[in-house]
>>> print(open('upload34.txt').read())   # compact mmCIF, N, CA and C atoms
# COMPACT_ATOMS: atom_id res chain seq x y z
N MET A 1 3.89 -5.44 0.12
CA MET A 1 4.25 -4.35 -0.75
C MET A 1 3.58 -3.06 -0.26
N GLN A 2 4.34 -2.00 -0.30
CA GLN A 2 3.80 -0.69 0.06
C GLN A 2 2.75 -0.26 -0.94
N ILE A 3 1.86 0.59 -0.50
CA ILE A 3 0.86 1.17 -1.39
C ILE A 3 1.36 2.55 -1.79
N PRO A 4 1.50 2.78 -3.08
CA PRO A 4 1.98 4.10 -3.53
C PRO A 4 0.98 5.20 -3.24
N ILE A 5 1.50 6.40 -3.08
CA ILE A 5 0.65 7.59 -3.01
C ILE A 5 0.34 7.99 -4.45
N TYR A 6 -0.93 8.23 -4.72
CA TYR A 6 -1.34 8.57 -6.07
C TYR A 6 -1.82 10.02 -6.15
N ALA A 7 -1.62 10.63 -7.30
CA ALA A 7 -2.07 12.01 -7.52
C ALA A 7 -3.58 12.06 -7.73
N ASP A 8 -4.11 11.05 -8.40
CA ASP A 8 -5.54 10.98 -8.67
C ASP A 8 -5.87 9.57 -9.18
N PRO A 9 -7.13 9.26 -9.41
CA PRO A 9 -7.49 7.92 -9.89
C PRO A 9 -6.85 7.55 -11.23
N PHE A 10 -6.65 8.51 -12.09
CA PHE A 10 -6.01 8.27 -13.38
C PHE A 10 -4.56 7.81 -13.17
N HIS A 11 -3.85 8.47 -12.28
CA HIS A 11 -2.48 8.10 -11.92
C HIS A 11 -2.46 6.70 -11.32
N LYS A 12 -3.41 6.42 -10.43
CA LYS A 12 -3.50 5.11 -9.79
C LYS A 12 -3.67 4.00 -10.82
N GLU A 13 -4.57 4.19 -11.76
CA GLU A 13 -4.84 3.15 -12.77
C GLU A 13 -3.60 2.90 -13.63
N ALA A 14 -2.94 3.96 -14.06
CA ALA A 14 -1.76 3.82 -14.92
C ALA A 14 -0.64 3.09 -14.19
N ILE A 15 -0.39 3.46 -12.95
CA ILE A 15 0.70 2.87 -12.18
C ILE A 15 0.39 1.42 -11.81
N GLU A 16 -0.82 1.16 -11.33
CA GLU A 16 -1.17 -0.21 -10.94
C GLU A 16 -1.12 -1.17 -12.12
N THR A 17 -1.57 -0.72 -13.27
CA THR A 17 -1.51 -1.56 -14.47
C THR A 17 -0.06 -1.87 -14.83
N TYR A 18 0.77 -0.86 -14.78
CA TYR A 18 2.19 -1.03 -15.13
C TYR A 18 2.91 -1.95 -14.14
N ILE A 19 2.71 -1.72 -12.85
CA ILE A 19 3.36 -2.56 -11.84
C ILE A 19 2.91 -4.02 -11.97
N LYS A 20 1.62 -4.22 -12.19
CA LYS A 20 1.09 -5.58 -12.32
C LYS A 20 1.76 -6.31 -13.49
N LEU A 21 1.93 -5.62 -14.62
CA LEU A 21 2.58 -6.23 -15.78
C LEU A 21 4.03 -6.60 -15.45
N CYS A 22 4.75 -5.68 -14.86
CA CYS A 22 6.16 -5.93 -14.52
C CYS A 22 6.29 -7.10 -13.55
N LYS A 23 5.45 -7.13 -12.55
CA LYS A 23 5.50 -8.23 -11.58
C LYS A 23 5.16 -9.57 -12.22
N THR A 24 4.22 -9.56 -13.15
CA THR A 24 3.86 -10.79 -13.85
C THR A 24 5.04 -11.34 -14.64
N PHE A 25 5.75 -10.46 -15.34
CA PHE A 25 6.93 -10.87 -16.10
C PHE A 25 8.00 -11.45 -15.16
N ALA A 26 8.28 -10.75 -14.07
CA ALA A 26 9.32 -11.18 -13.14
C ALA A 26 8.96 -12.51 -12.49
N GLU A 27 7.72 -12.66 -12.11
CA GLU A 27 7.29 -13.91 -11.48
C GLU A 27 7.37 -15.08 -12.47
N ASP A 28 7.06 -14.81 -13.72
CA ASP A 28 7.07 -15.86 -14.74
C ASP A 28 8.47 -16.40 -15.00
N ILE A 29 9.48 -15.53 -15.01
CA ILE A 29 10.81 -16.00 -15.38
C ILE A 29 11.75 -16.23 -14.21
N GLY A 30 11.37 -15.79 -13.02
CA GLY A 30 12.27 -15.92 -11.88
C GLY A 30 11.90 -17.04 -10.94
N THR A 31 12.85 -17.43 -10.13
CA THR A 31 12.56 -18.38 -9.05
C THR A 31 11.79 -17.65 -7.96
N LYS A 32 11.27 -18.39 -7.01
CA LYS A 32 10.52 -17.76 -5.91
C LYS A 32 11.41 -16.79 -5.14
N GLN A 33 12.65 -17.17 -4.88
CA GLN A 33 13.56 -16.31 -4.13
C GLN A 33 13.92 -15.05 -4.93
N ARG A 34 14.20 -15.21 -6.21
CA ARG A 34 14.52 -14.03 -7.03
C ARG A 34 13.31 -13.10 -7.14
N TYR A 35 12.13 -13.67 -7.25
CA TYR A 35 10.93 -12.84 -7.32
C TYR A 35 10.72 -12.09 -6.00
N LYS A 36 11.00 -12.74 -4.89
CA LYS A 36 10.90 -12.09 -3.58
C LYS A 36 11.87 -10.91 -3.52
N THR A 37 13.08 -11.10 -4.02
CA THR A 37 14.06 -10.01 -4.06
C THR A 37 13.56 -8.89 -4.96
N TYR A 38 12.97 -9.24 -6.09
CA TYR A 38 12.38 -8.26 -7.00
C TYR A 38 11.34 -7.41 -6.27
N GLU A 39 10.46 -8.06 -5.53
CA GLU A 39 9.42 -7.35 -4.77
C GLU A 39 10.03 -6.44 -3.70
N ASP A 40 11.12 -6.90 -3.07
CA ASP A 40 11.79 -6.08 -2.06
C ASP A 40 12.34 -4.80 -2.67
N ILE A 41 12.92 -4.92 -3.86
CA ILE A 41 13.47 -3.74 -4.53
C ILE A 41 12.33 -2.82 -5.00
N LEU A 42 11.25 -3.41 -5.46
CA LEU A 42 10.08 -2.62 -5.84
C LEU A 42 9.57 -1.83 -4.64
N ASP A 43 9.59 -2.44 -3.47
CA ASP A 43 9.19 -1.77 -2.24
C ASP A 43 10.07 -0.54 -1.97
N THR A 44 11.35 -0.68 -2.26
CA THR A 44 12.28 0.45 -2.09
C THR A 44 11.92 1.59 -3.03
N ILE A 45 11.57 1.24 -4.26
CA ILE A 45 11.15 2.26 -5.24
C ILE A 45 9.88 2.97 -4.75
N LEU A 46 8.92 2.19 -4.25
CA LEU A 46 7.68 2.78 -3.77
C LEU A 46 7.91 3.66 -2.54
N ASP A 47 8.83 3.24 -1.69
CA ASP A 47 9.18 4.04 -0.51
C ASP A 47 9.79 5.37 -0.95
N TYR A 48 10.66 5.34 -1.93
CA TYR A 48 11.26 6.57 -2.46
C TYR A 48 10.18 7.47 -3.05
N HIS A 49 9.29 6.88 -3.83
CA HIS A 49 8.18 7.64 -4.43
C HIS A 49 7.32 8.29 -3.35
N ASN A 50 6.93 7.50 -2.35
CA ASN A 50 6.05 8.01 -1.30
C ASN A 50 6.71 9.09 -0.46
N GLY A 51 8.03 9.03 -0.30
CA GLY A 51 8.73 10.01 0.50
C GLY A 51 9.33 11.16 -0.29
N TYR A 52 9.13 11.14 -1.59
CA TYR A 52 9.71 12.20 -2.43
C TYR A 52 9.13 13.54 -2.02
N GLY A 53 9.95 14.49 -1.85
CA GLY A 53 9.50 15.80 -1.38
C GLY A 53 9.81 15.98 0.09
N ASP A 54 9.72 14.89 0.86
CA ASP A 54 10.10 14.95 2.26
C ASP A 54 11.62 14.93 2.40
N ARG A 55 12.26 14.24 1.45
CA ARG A 55 13.70 14.03 1.56
C ARG A 55 14.52 14.81 0.53
N THR A 56 13.87 15.49 -0.39
CA THR A 56 14.62 16.22 -1.41
C THR A 56 14.19 17.68 -1.41
N LYS A 57 15.11 18.53 -1.76
CA LYS A 57 14.80 19.96 -1.78
C LYS A 57 14.30 20.41 -3.15
N SER A 58 14.78 19.77 -4.18
CA SER A 58 14.38 20.18 -5.53
C SER A 58 13.44 19.14 -6.12
N ASN A 59 12.20 19.19 -5.69
CA ASN A 59 11.24 18.21 -6.20
C ASN A 59 10.21 18.92 -7.07
N ASN A 60 9.65 18.17 -7.97
CA ASN A 60 8.55 18.71 -8.76
C ASN A 60 7.59 17.59 -9.11
N PHE A 61 6.42 17.97 -9.52
CA PHE A 61 5.34 17.02 -9.79
C PHE A 61 5.71 16.01 -10.87
N TYR A 62 6.27 16.50 -11.97
CA TYR A 62 6.60 15.60 -13.08
C TYR A 62 7.62 14.55 -12.65
N ASP A 63 8.65 14.96 -11.94
CA ASP A 63 9.64 13.99 -11.44
C ASP A 63 8.96 12.95 -10.56
N TRP A 64 8.08 13.41 -9.68
CA TRP A 64 7.43 12.52 -8.73
C TRP A 64 6.56 11.46 -9.44
N ILE A 65 5.77 11.86 -10.43
CA ILE A 65 4.89 10.89 -11.08
C ILE A 65 5.67 9.89 -11.95
N MET A 66 6.90 10.23 -12.32
CA MET A 66 7.70 9.35 -13.18
C MET A 66 8.63 8.41 -12.39
N ILE A 67 8.73 8.58 -11.08
CA ILE A 67 9.63 7.74 -10.28
C ILE A 67 9.31 6.26 -10.45
N ILE A 68 8.07 5.89 -10.28
CA ILE A 68 7.71 4.47 -10.32
C ILE A 68 7.91 3.86 -11.71
N PRO A 69 7.35 4.42 -12.77
CA PRO A 69 7.53 3.75 -14.07
C PRO A 69 8.98 3.67 -14.53
N ILE A 70 9.74 4.74 -14.38
CA ILE A 70 11.12 4.74 -14.87
C ILE A 70 11.98 3.77 -14.06
N ASN A 71 11.92 3.87 -12.74
CA ASN A 71 12.75 3.01 -11.90
C ASN A 71 12.34 1.54 -11.98
N THR A 72 11.05 1.29 -12.11
CA THR A 72 10.59 -0.09 -12.23
C THR A 72 11.02 -0.69 -13.57
N ALA A 73 11.03 0.11 -14.61
CA ALA A 73 11.50 -0.38 -15.91
C ALA A 73 12.98 -0.74 -15.86
N VAL A 74 13.78 0.10 -15.24
CA VAL A 74 15.21 -0.17 -15.12
C VAL A 74 15.43 -1.43 -14.28
N MET A 75 14.72 -1.53 -13.16
CA MET A 75 14.85 -2.71 -12.30
C MET A 75 14.43 -3.98 -13.04
N THR A 76 13.35 -3.93 -13.77
CA THR A 76 12.84 -5.11 -14.47
C THR A 76 13.80 -5.53 -15.58
N ASN A 77 14.35 -4.58 -16.30
CA ASN A 77 15.34 -4.92 -17.33
C ASN A 77 16.60 -5.53 -16.71
N GLY A 78 17.00 -5.05 -15.56
CA GLY A 78 18.13 -5.66 -14.84
C GLY A 78 17.80 -7.07 -14.40
N PHE A 79 16.57 -7.27 -13.95
CA PHE A 79 16.12 -8.61 -13.56
C PHE A 79 16.17 -9.54 -14.77
N PHE A 80 15.71 -9.04 -15.91
CA PHE A 80 15.77 -9.84 -17.14
C PHE A 80 17.20 -10.23 -17.48
N ALA A 81 18.11 -9.28 -17.38
CA ALA A 81 19.51 -9.55 -17.72
C ALA A 81 20.09 -10.65 -16.83
N GLY A 82 19.74 -10.61 -15.55
CA GLY A 82 20.26 -11.60 -14.63
C GLY A 82 19.61 -12.97 -14.77
N ALA A 83 18.41 -13.01 -15.29
CA ALA A 83 17.67 -14.27 -15.39
C ALA A 83 17.79 -14.93 -16.76
N GLU A 84 18.35 -14.22 -17.74
CA GLU A 84 18.37 -14.75 -19.10
C GLU A 84 19.29 -15.95 -19.24
N THR A 85 18.77 -16.98 -19.88
CA THR A 85 19.53 -18.18 -20.22
C THR A 85 19.25 -18.51 -21.69
N ARG A 86 19.91 -19.50 -22.19
CA ARG A 86 19.64 -19.90 -23.58
C ARG A 86 18.20 -20.37 -23.76
N THR A 87 17.68 -21.03 -22.75
CA THR A 87 16.34 -21.60 -22.88
C THR A 87 15.22 -20.56 -22.76
N ASN A 88 15.46 -19.46 -22.06
CA ASN A 88 14.38 -18.48 -21.90
C ASN A 88 14.66 -17.17 -22.65
N ARG A 89 15.71 -17.14 -23.44
CA ARG A 89 16.11 -15.92 -24.15
C ARG A 89 14.98 -15.34 -25.01
N ALA A 90 14.29 -16.16 -25.74
CA ALA A 90 13.21 -15.67 -26.63
C ALA A 90 12.07 -15.06 -25.81
N VAL A 91 11.73 -15.70 -24.72
CA VAL A 91 10.65 -15.18 -23.86
C VAL A 91 11.06 -13.83 -23.28
N ILE A 92 12.28 -13.74 -22.78
CA ILE A 92 12.75 -12.49 -22.17
C ILE A 92 12.80 -11.37 -23.21
N ARG A 93 13.25 -11.69 -24.40
CA ARG A 93 13.29 -10.65 -25.45
C ARG A 93 11.87 -10.16 -25.78
N ALA A 94 10.94 -11.07 -25.81
CA ALA A 94 9.54 -10.68 -26.05
C ALA A 94 9.03 -9.81 -24.90
N TYR A 95 9.35 -10.20 -23.66
CA TYR A 95 8.95 -9.41 -22.50
C TYR A 95 9.57 -8.02 -22.54
N LYS A 96 10.81 -7.91 -23.00
CA LYS A 96 11.47 -6.60 -23.10
C LYS A 96 10.72 -5.68 -24.06
N VAL A 97 10.30 -6.23 -25.17
CA VAL A 97 9.54 -5.43 -26.14
C VAL A 97 8.22 -4.98 -25.52
N LEU A 98 7.53 -5.90 -24.85
CA LEU A 98 6.26 -5.55 -24.21
C LEU A 98 6.47 -4.55 -23.08
N LEU A 99 7.55 -4.71 -22.33
CA LEU A 99 7.86 -3.78 -21.24
C LEU A 99 8.12 -2.38 -21.78
N ASP A 100 8.90 -2.28 -22.85
CA ASP A 100 9.18 -0.97 -23.45
C ASP A 100 7.89 -0.30 -23.92
N GLU A 101 7.01 -1.07 -24.54
CA GLU A 101 5.74 -0.53 -25.01
C GLU A 101 4.86 -0.10 -23.84
N ALA A 102 4.83 -0.91 -22.79
CA ALA A 102 4.03 -0.58 -21.60
C ALA A 102 4.57 0.68 -20.92
N LEU A 103 5.88 0.81 -20.86
CA LEU A 103 6.48 2.01 -20.27
C LEU A 103 6.10 3.25 -21.09
N ARG A 104 6.21 3.14 -22.40
CA ARG A 104 5.85 4.27 -23.27
C ARG A 104 4.39 4.66 -23.06
N THR A 105 3.52 3.69 -23.01
CA THR A 105 2.10 3.94 -22.81
C THR A 105 1.84 4.60 -21.46
N CYS A 106 2.48 4.07 -20.42
CA CYS A 106 2.30 4.61 -19.07
C CYS A 106 2.79 6.06 -19.00
N VAL A 107 3.96 6.32 -19.55
CA VAL A 107 4.52 7.68 -19.52
C VAL A 107 3.64 8.65 -20.31
N GLU A 108 3.12 8.20 -21.44
CA GLU A 108 2.22 9.05 -22.23
C GLU A 108 0.96 9.39 -21.43
N LYS A 109 0.42 8.41 -20.71
CA LYS A 109 -0.75 8.67 -19.88
C LYS A 109 -0.42 9.67 -18.78
N LEU A 110 0.72 9.46 -18.12
CA LEU A 110 1.09 10.32 -17.00
C LEU A 110 1.45 11.73 -17.47
N ASP A 111 1.90 11.86 -18.69
CA ASP A 111 2.20 13.18 -19.24
C ASP A 111 0.95 14.07 -19.30
N LYS A 112 -0.20 13.43 -19.35
CA LYS A 112 -1.46 14.19 -19.43
C LYS A 112 -1.93 14.72 -18.09
N LEU A 113 -1.33 14.22 -17.00
CA LEU A 113 -1.71 14.71 -15.67
C LEU A 113 -1.25 16.15 -15.52
N GLU A 114 -2.06 16.93 -14.84
CA GLU A 114 -1.70 18.33 -14.60
C GLU A 114 -1.64 18.58 -13.12
N PHE A 115 -0.64 19.33 -12.72
CA PHE A 115 -0.48 19.69 -11.32
C PHE A 115 -1.47 20.78 -10.97
N LYS A 116 -2.21 20.54 -9.90
CA LYS A 116 -3.15 21.53 -9.41
C LYS A 116 -2.81 21.83 -7.96
N ASN A 117 -2.38 23.02 -7.70
CA ASN A 117 -2.01 23.42 -6.35
C ASN A 117 -3.22 24.01 -5.65
N ASP A 118 -3.68 23.30 -4.64
CA ASP A 118 -4.87 23.77 -3.92
C ASP A 118 -4.51 24.69 -2.79
>>> encode(input="upload34.txt", output="structure tokens")
Amino acid sequence: MQIPIYADPFHKEAIETYIKLCKTFAEDIGTKQRYKTYEDILDTILDYHNGYGDRTKSNNFYDWIMIIPINTAVMTNGFFAGAETRTNRAVIRAYKVLLDEALRTCVEKLDKLEFKND
């Protein structure tokens, strides 16, 4: 897995905590192969995050810090949809609630970051 570029230690802690939670959920409900695919897609998100600004003309700090949490939430919810069965439906629904709460918490933390142009 790629290592994301972080704005500061506060950003690092928020993102690492969020990614760890999402990966734990995906690993718990997916097969080894599906989890590997999940990690591959996460790598694509991290690559986009790390290269943001190099490849886009209209970039800003707020967009950049939100790439990982927003895209990872969408990816994880898609993973849940594909993995849901009758037997794991209750677990996945519980994970969705926890994921939504974790995303809200992460975004609230990141909202407090301020751009400082040196």
>>> closest_residue(input="upload34.txt", among="A:Asp47, A:Lys96, A:Ala7, A:Glu101", to="Thr76 in chain A", atoms="all atoms listed in the file")
A:Lys96
>>> select_by_dssp(input="upload34.txt", residues="chain A", states="helix (DSSP H, G or I)", output="JSON, numbers by chain")
{"A": [9, 10, 11, 12, 13, 14, 15, 16, 17, 18, 19, 20, 21, 22, 23, 24, 25, 26, 27, 28, 29, 32, 33, 34, 35, 36, 37, 38, 39, 40, 41, 42, 43, 44, 45, 46, 47, 48, 49, 50, 51, 61, 62, 63, 64, 65, 66, 67, 68, 69, 70, 71, 72, 73, 74, 75, 76, 77, 78, 79, 80, 81, 82, 83, 89, 90, 91, 92, 93, 94, 95, 96, 97, 98, 99, 100, 101, 102, 103, 104, 105, 106, 107, 108, 109, 110, 111]}
>>> atom_distance(input="upload34.txt", atom1="atom C of Arg104 in chain A", atom2="atom C of Asn88 in chain A")
24.1 Å
>>> closest_residue(input="upload34.txt", among="A:Leu103, A:Gly51, A:Glu27, A:Ile5", to="Pro69 in chain A", atoms="only N, CA and C atoms")
A:Leu103
>>> residues_around(input="upload34.txt", residues="His11 in chain A", least_positions_apart="2", cutoff="12 Å", atoms="only C-alpha atoms", output="number ranges by chain")
A: 4-9, 13-18, 62, 64-66, 68-69, 106-115
>>> write_last_selection(input="upload34.txt", atoms="N, CA and C atoms", output="PDB file, in the coordinates of the input")
ATOM      1  N   PRO A   4       1.500   2.780  -3.080  1.00  0.00           N
ATOM      2  CA  PRO A   4       1.980   4.100  -3.530  1.00  0.00           C
ATOM      3  C   PRO A   4       0.980   5.200  -3.240  1.00  0.00           C
ATOM      4  N   ILE A   5       1.500   6.400  -3.080  1.00  0.00           N
ATOM      5  CA  ILE A   5       0.650   7.590  -3.010  1.00  0.00           C
ATOM      6  C   ILE A   5       0.340   7.990  -4.450  1.00  0.00           C
ATOM      7  N   TYR A   6      -0.930   8.230  -4.720  1.00  0.00           N
ATOM      8  CA  TYR A   6      -1.340   8.570  -6.070  1.00  0.00           C
ATOM      9  C   TYR A   6      -1.820  10.020  -6.150  1.00  0.00           C
ATOM     10  N   ALA A   7      -1.620  10.630  -7.300  1.00  0.00           N
ATOM     11  CA  ALA A   7      -2.070  12.010  -7.520  1.00  0.00           C
ATOM     12  C   ALA A   7      -3.580  12.060  -7.730  1.00  0.00           C
ATOM     13  N   ASP A   8      -4.110  11.050  -8.400  1.00  0.00           N
ATOM     14  CA  ASP A   8      -5.540  10.980  -8.670  1.00  0.00           C
ATOM     15  C   ASP A   8      -5.870   9.570  -9.180  1.00  0.00           C
ATOM     16  N   PRO A   9      -7.130   9.260  -9.410  1.00  0.00           N
ATOM     17  CA  PRO A   9      -7.490   7.920  -9.890  1.00  0.00           C
ATOM     18  C   PRO A   9      -6.850   7.550 -11.230  1.00  0.00           C
ATOM     19  N   GLU A  13      -4.570   4.190 -11.760  1.00  0.00           N
ATOM     20  CA  GLU A  13      -4.840   3.150 -12.770  1.00  0.00           C
ATOM     21  C   GLU A  13      -3.600   2.900 -13.630  1.00  0.00           C
ATOM     22  N   ALA A  14      -2.940   3.960 -14.060  1.00  0.00           N
ATOM     23  CA  ALA A  14      -1.760   3.820 -14.920  1.00  0.00           C
ATOM     24  C   ALA A  14      -0.640   3.090 -14.190  1.00  0.00           C
ATOM     25  N   ILE A  15      -0.390   3.460 -12.950  1.00  0.00           N
ATOM     26  CA  ILE A  15       0.700   2.870 -12.180  1.00  0.00           C
ATOM     27  C   ILE A  15       0.390   1.420 -11.810  1.00  0.00           C
ATOM     28  N   GLU A  16      -0.820   1.160 -11.330  1.00  0.00           N
ATOM     29  CA  GLU A  16      -1.170  -0.210 -10.940  1.00  0.00           C
ATOM     30  C   GLU A  16      -1.120  -1.170 -12.120  1.00  0.00           C
ATOM     31  N   THR A  17      -1.570  -0.720 -13.270  1.00  0.00           N
ATOM     32  CA  THR A  17      -1.510  -1.560 -14.470  1.00  0.00           C
ATOM     33  C   THR A  17      -0.060  -1.870 -14.830  1.00  0.00           C
ATOM     34  N   TYR A  18       0.770  -0.860 -14.780  1.00  0.00           N
ATOM     35  CA  TYR A  18       2.190  -1.030 -15.130  1.00  0.00           C
ATOM     36  C   TYR A  18       2.910  -1.950 -14.140  1.00  0.00           C
ATOM     37  N   TYR A  62       6.270  16.500 -11.970  1.00  0.00           N
ATOM     38  CA  TYR A  62       6.600  15.600 -13.080  1.00  0.00           C
ATOM     39  C   TYR A  62       7.620  14.550 -12.650  1.00  0.00           C
ATOM     40  N   TRP A  64       8.080  13.410  -9.680  1.00  0.00           N
ATOM     41  CA  TRP A  64       7.430  12.520  -8.730  1.00  0.00           C
ATOM     42  C   TRP A  64       6.560  11.460  -9.440  1.00  0.00           C
ATOM     43  N   ILE A  65       5.770  11.860 -10.430  1.00  0.00           N
ATOM     44  CA  ILE A  65       4.890  10.890 -11.080  1.00  0.00           C
ATOM     45  C   ILE A  65       5.670   9.890 -11.950  1.00  0.00           C
ATOM     46  N   MET A  66       6.900  10.230 -12.320  1.00  0.00           N
ATOM     47  CA  MET A  66       7.700   9.350 -13.180  1.00  0.00           C
ATOM     48  C   MET A  66       8.630   8.410 -12.390  1.00  0.00           C
ATOM     49  N   ILE A  68       8.070   5.890 -10.280  1.00  0.00           N
ATOM     50  CA  ILE A  68       7.710   4.470 -10.320  1.00  0.00           C
ATOM     51  C   ILE A  68       7.910   3.860 -11.710  1.00  0.00           C
ATOM     52  N   PRO A  69       7.350   4.420 -12.770  1.00  0.00           N
ATOM     53  CA  PRO A  69       7.530   3.750 -14.070  1.00  0.00           C
ATOM     54  C   PRO A  69       8.980   3.670 -14.530  1.00  0.00           C
ATOM     55  N   CYS A 106       2.480   4.070 -20.420  1.00  0.00           N
ATOM     56  CA  CYS A 106       2.300   4.610 -19.070  1.00  0.00           C
ATOM     57  C   CYS A 106       2.790   6.060 -19.000  1.00  0.00           C
ATOM     58  N   VAL A 107       3.960   6.320 -19.550  1.00  0.00           N
ATOM     59  CA  VAL A 107       4.520   7.680 -19.520  1.00  0.00           C
ATOM     60  C   VAL A 107       3.640   8.650 -20.310  1.00  0.00           C
ATOM     61  N   GLU A 108       3.120   8.200 -21.440  1.00  0.00           N
ATOM     62  CA  GLU A 108       2.220   9.050 -22.230  1.00  0.00           C
ATOM     63  C   GLU A 108       0.960   9.390 -21.430  1.00  0.00           C
ATOM     64  N   LYS A 109       0.420   8.410 -20.710  1.00  0.00           N
ATOM     65  CA  LYS A 109      -0.750   8.670 -19.880  1.00  0.00           C
ATOM     66  C   LYS A 109      -0.420   9.670 -18.780  1.00  0.00           C
ATOM     67  N   LEU A 110       0.720   9.460 -18.120  1.00  0.00           N
ATOM     68  CA  LEU A 110       1.090  10.320 -17.000  1.00  0.00           C
ATOM     69  C   LEU A 110       1.450  11.730 -17.470  1.00  0.00           C
ATOM     70  N   ASP A 111       1.900  11.860 -18.690  1.00  0.00           N
ATOM     71  CA  ASP A 111       2.200  13.180 -19.240  1.00  0.00           C
ATOM     72  C   ASP A 111       0.950  14.070 -19.300  1.00  0.00           C
ATOM     73  N   LYS A 112      -0.200  13.430 -19.350  1.00  0.00           N
ATOM     74  CA  LYS A 112      -1.460  14.190 -19.430  1.00  0.00           C
ATOM     75  C   LYS A 112      -1.930  14.720 -18.090  1.00  0.00           C
ATOM     76  N   LEU A 113      -1.330  14.220 -17.000  1.00  0.00           N
ATOM     77  CA  LEU A 113      -1.710  14.710 -15.670  1.00  0.00           C
ATOM     78  C   LEU A 113      -1.250  16.150 -15.520  1.00  0.00           C
ATOM     79  N   GLU A 114      -2.060  16.930 -14.840  1.00  0.00           N
ATOM     80  CA  GLU A 114      -1.700  18.330 -14.600  1.00  0.00           C
ATOM     81  C   GLU A 114      -1.640  18.580 -13.120  1.00  0.00           C
ATOM     82  N   PHE A 115      -0.640  19.330 -12.720  1.00  0.00           N
ATOM     83  CA  PHE A 115      -0.480  19.690 -11.320  1.00  0.00           C
ATOM     84  C   PHE A 115      -1.470  20.780 -10.970  1.00  0.00           C
TER      85      PHE A 115
END
>>> residues_near_point(input="upload34.txt", point="(12.4, 2.5, -3.1)", cutoff="12 Å", atoms="only C-alpha atoms", output="PyMOL selection string")
chain A and resi 1-4+38-52+67-68+71-72+75
>>> write_last_selection(input="upload34.txt", atoms="N, CA and C atoms", output="compact mmCIF listing (two decimals), in the coordinates of the input")
# COMPACT_ATOMS: atom_id res chain seq x y z
N MET A 1 3.89 -5.44 0.12
CA MET A 1 4.25 -4.35 -0.75
C MET A 1 3.58 -3.06 -0.26
N GLN A 2 4.34 -2.00 -0.30
CA GLN A 2 3.80 -0.69 0.06
C GLN A 2 2.75 -0.26 -0.94
N ILE A 3 1.86 0.59 -0.50
CA ILE A 3 0.86 1.17 -1.39
C ILE A 3 1.36 2.55 -1.79
N PRO A 4 1.50 2.78 -3.08
CA PRO A 4 1.98 4.10 -3.53
C PRO A 4 0.98 5.20 -3.24
N TYR A 38 12.97 -9.24 -6.09
CA TYR A 38 12.38 -8.26 -7.00
C TYR A 38 11.34 -7.41 -6.27
N GLU A 39 10.46 -8.06 -5.53
CA GLU A 39 9.42 -7.35 -4.77
C GLU A 39 10.03 -6.44 -3.70
N ASP A 40 11.12 -6.90 -3.07
CA ASP A 40 11.79 -6.08 -2.06
C ASP A 40 12.34 -4.80 -2.67
N ILE A 41 12.92 -4.92 -3.86
CA ILE A 41 13.47 -3.74 -4.53
C ILE A 41 12.33 -2.82 -5.00
N LEU A 42 11.25 -3.41 -5.46
CA LEU A 42 10.08 -2.62 -5.84
C LEU A 42 9.57 -1.83 -4.64
N ASP A 43 9.59 -2.44 -3.47
CA ASP A 43 9.19 -1.77 -2.24
C ASP A 43 10.07 -0.54 -1.97
N THR A 44 11.35 -0.68 -2.26
CA THR A 44 12.28 0.45 -2.09
C THR A 44 11.92 1.59 -3.03
N ILE A 45 11.57 1.24 -4.26
CA ILE A 45 11.15 2.26 -5.24
C ILE A 45 9.88 2.97 -4.75
N LEU A 46 8.92 2.19 -4.25
CA LEU A 46 7.68 2.78 -3.77
C LEU A 46 7.91 3.66 -2.54
N ASP A 47 8.83 3.24 -1.69
CA ASP A 47 9.18 4.04 -0.51
C ASP A 47 9.79 5.37 -0.95
N TYR A 48 10.66 5.34 -1.93
CA TYR A 48 11.26 6.57 -2.46
C TYR A 48 10.18 7.47 -3.05
N HIS A 49 9.29 6.88 -3.83
CA HIS A 49 8.18 7.64 -4.43
C HIS A 49 7.32 8.29 -3.35
N ASN A 50 6.93 7.50 -2.35
CA ASN A 50 6.05 8.01 -1.30
C ASN A 50 6.71 9.09 -0.46
N GLY A 51 8.03 9.03 -0.30
CA GLY A 51 8.73 10.01 0.50
C GLY A 51 9.33 11.16 -0.29
N TYR A 52 9.13 11.14 -1.59
CA TYR A 52 9.71 12.20 -2.43
C TYR A 52 9.13 13.54 -2.02
N ILE A 67 8.73 8.58 -11.08
CA ILE A 67 9.63 7.74 -10.28
C ILE A 67 9.31 6.26 -10.45
N ILE A 68 8.07 5.89 -10.28
CA ILE A 68 7.71 4.47 -10.32
C ILE A 68 7.91 3.86 -11.71
N ASN A 71 11.92 3.87 -12.74
CA ASN A 71 12.75 3.01 -11.90
C ASN A 71 12.34 1.54 -11.98
N THR A 72 11.05 1.29 -12.11
CA THR A 72 10.59 -0.09 -12.23
C THR A 72 11.02 -0.69 -13.57
N MET A 75 14.72 -1.53 -13.16
CA MET A 75 14.85 -2.71 -12.30
C MET A 75 14.43 -3.98 -13.04
>>> residues_near_point(input="upload34.txt", point="(15.7, -11.6, -15.5)", cutoff="8 Å", atoms="all atoms listed in the file", output="ChimeraX atom specification")
/A:25-26,29-30,76-85,92
>>> axis_aligned_box(input="upload34.txt", around="range 81-91 of chain A", padding_each_side="5 Å", output="lines of an AutoDock Vina configuration file")
center_x = 15.5
center_y = -15.4
center_z = -20.6
size_x = 19.6
size_y = 22.3
size_z = 22.0
>>> atom_distance(input="upload34.txt", atom1="CA of Lys20 in chain A", atom2="CA of Arg34 in chain A")
16.7 Å
>>> atom_distance(input="upload34.txt", atom1="CA of Leu99 in chain A", atom2="atom N of Lys23 in chain A")
9.6 Å
>>> closest_residue(input="upload34.txt", among="A:Val97, A:Thr105, A:Cys22, A:Lys36", to="Ala73 in chain A", atoms="all atoms listed in the file")
A:Cys22
